[in-house]
Amino acid sequence: MGDVLTIEALRNERERLRRDGVSLAFANGHFDLLHVGHLRYLRAARAEADRLVVAINNDRSVASLKGEGRPVVPEGERAEMLAALEPVDYVVVFSGDSPAPLLAELQPDVHCKGTDYGSPERVPEYSVVRAYGGRTALVGDPKDHATSDLITAVKQLPE
């Protein structure tokens, strides 16, 4: 089972991992309602390095990016659920719409994003990762699952 860490605690853990020669993969997202696409993405991200940190957007960020009624699940619960998944070593909650500042600070070996980006160069944080010598990898299966589709399906269920 993984650990939910503050940014400060994750910074310290990252320094320890570096000293020990342990590689770190970084995945990020909202992870509002977990589905199989999330699990496949996280498994593939974990395969890119010795450890996996998952950075999740805080509630304010999810609401600003996804709109009214989101997130469905509060950040603390989303973090706890993710930490319980087999591929996840660490979970951290970040503020803001982009993980770029956190990537620049932690400098993980690999930044993992979904296959829907088409190529690593199309990932918004690509230049940040490249600037410190990291690698961007597209991982997971085709984006056939989405939280918004899950929400729509639940809303259409008869009462």
# chains A, B, ... in the order shown; residues from 1 in each chain; ligands from 1
>>> residues_around(residues="stretch 125-128 of chain A", least_positions_apart="5", cutoff="8 Å", atoms="only C-alpha atoms", output="NGL selection string")
:A and (99-100 or 103-104 or 120 or 136)
>>> atom_distance(atom1="atom CA of A:Leu65", atom2="atom CA of A:Glu8")
25.1 Å
>>> closest_residue(among="A:Phe31, A:Phe26, A:Phe94, A:Tyr132", to="A:Met81", atoms="only C-alpha atoms")
A:Phe31
>>> residues_around(residues="stretch 40-46 of chain A", least_positions_apart="6", cutoff="7 Å", atoms="only C-alpha atoms", output="count of residues only")
9
>>> closest_residue(among="A:Gly134, A:Pro142, A:Gly67, A:Gly21", to="A:Arg51", atoms="only C-alpha atoms")
A:Gly21
>>> atom_distance(atom1="atom CA of A:Val22", atom2="atom CA of A:His35")
28.9 Å
>>> select_by_dssp(residues="chain A", states="strand (DSSP E or B)", output="number ranges by chain")
A: 3-4, 24-29, 51-57, 90-94, 110-114, 135-139
>>> select_by_dssp(residues="chain A", states="alpha helix (DSSP H)", output="number ranges by chain")
A: 7-19, 36-46, 59-66, 75-83, 100-106, 126-131, 147-155
>>> write_last_selection(atoms="C-alpha atoms", output="short mmCIF file (atom, residue, chain, number, x, y, z; two decimals), in the first residue's frame")
data_model
loop_
_atom_site.label_atom_id
_atom_site.label_comp_id
_atom_site.auth_asym_id
_atom_site.auth_seq_id
_atom_site.Cartn_x
_atom_site.Cartn_y
_atom_site.Cartn_z
CA ILE A 7 4.65 18.00 -0.96
CA GLU A 8 7.35 18.61 1.66
CA ALA A 9 7.43 14.93 2.69
CA LEU A 10 7.53 13.87 -0.97
CA ARG A 11 10.43 16.28 -1.58
CA ASN A 12 12.35 14.57 1.23
CA GLU A 13 11.45 11.11 -0.07
CA ARG A 14 12.60 12.10 -3.57
CA GLU A 15 15.99 13.14 -2.19
CA ARG A 16 16.30 9.78 -0.41
CA LEU A 17 15.35 7.88 -3.58
CA ARG A 18 17.97 9.78 -5.56
CA ARG A 19 20.68 8.99 -3.01
CA VAL A 36 -10.26 0.42 -15.35
CA GLY A 37 -8.61 2.98 -17.63
CA HIS A 38 -7.04 4.60 -14.56
CA LEU A 39 -5.74 1.25 -13.31
CA ARG A 40 -4.23 0.39 -16.70
CA TYR A 41 -2.58 3.82 -16.90
CA LEU A 42 -1.10 3.46 -13.40
CA ARG A 43 0.16 -0.07 -14.02
CA ALA A 44 1.90 1.06 -17.20
CA ALA A 45 3.34 4.13 -15.46
CA ARG A 46 4.70 1.98 -12.63
CA ASP A 59 -10.68 19.95 -5.31
CA ARG A 60 -10.53 23.62 -6.32
CA SER A 61 -8.48 22.78 -9.41
CA VAL A 62 -10.80 19.94 -10.46
CA ALA A 63 -13.83 22.21 -10.08
CA SER A 64 -12.21 24.93 -12.18
CA LEU A 65 -11.16 22.48 -14.91
CA LYS A 66 -14.23 20.19 -14.97
CA GLU A 75 -9.31 15.03 -2.67
CA GLY A 76 -8.53 13.24 0.60
CA GLU A 77 -10.66 10.25 -0.39
CA ARG A 78 -9.29 10.21 -3.94
CA ALA A 79 -5.76 10.19 -2.52
CA GLU A 80 -6.57 7.37 -0.09
CA MET A 81 -8.13 5.22 -2.83
CA LEU A 82 -5.16 5.70 -5.14
CA ALA A 83 -2.65 4.90 -2.40
CA ALA A 100 4.55 21.63 -14.12
CA PRO A 101 5.85 23.37 -10.96
CA LEU A 102 5.80 20.06 -9.05
CA LEU A 103 7.57 18.29 -11.91
CA ALA A 104 10.26 20.98 -11.99
CA GLU A 105 10.75 20.65 -8.23
CA LEU A 106 10.76 16.84 -7.92
CA TYR A 126 7.06 18.11 -22.04
CA SER A 127 9.44 21.10 -22.14
CA VAL A 128 9.61 21.27 -18.32
CA VAL A 129 10.58 17.59 -18.11
CA ARG A 130 13.02 17.84 -20.98
CA ALA A 131 14.69 20.91 -19.42
CA THR A 147 -15.04 9.60 -15.69
CA SER A 148 -17.49 11.92 -17.47
CA ASP A 149 -18.91 8.91 -19.37
CA LEU A 150 -19.29 7.05 -16.08
CA ILE A 151 -21.12 10.00 -14.51
CA THR A 152 -23.45 10.24 -17.53
CA ALA A 153 -24.23 6.51 -17.36
CA VAL A 154 -25.05 6.69 -13.64
CA LYS A 155 -27.33 9.72 -14.20
#
>>> residues_around(residues="A:Asn28", least_positions_apart="6", cutoff="8 Å", atoms="only C-alpha atoms", output="list in words")
Val54, Ala55, Ile56, Asn57, Pro99, Cys112 and Lys113 of chain A
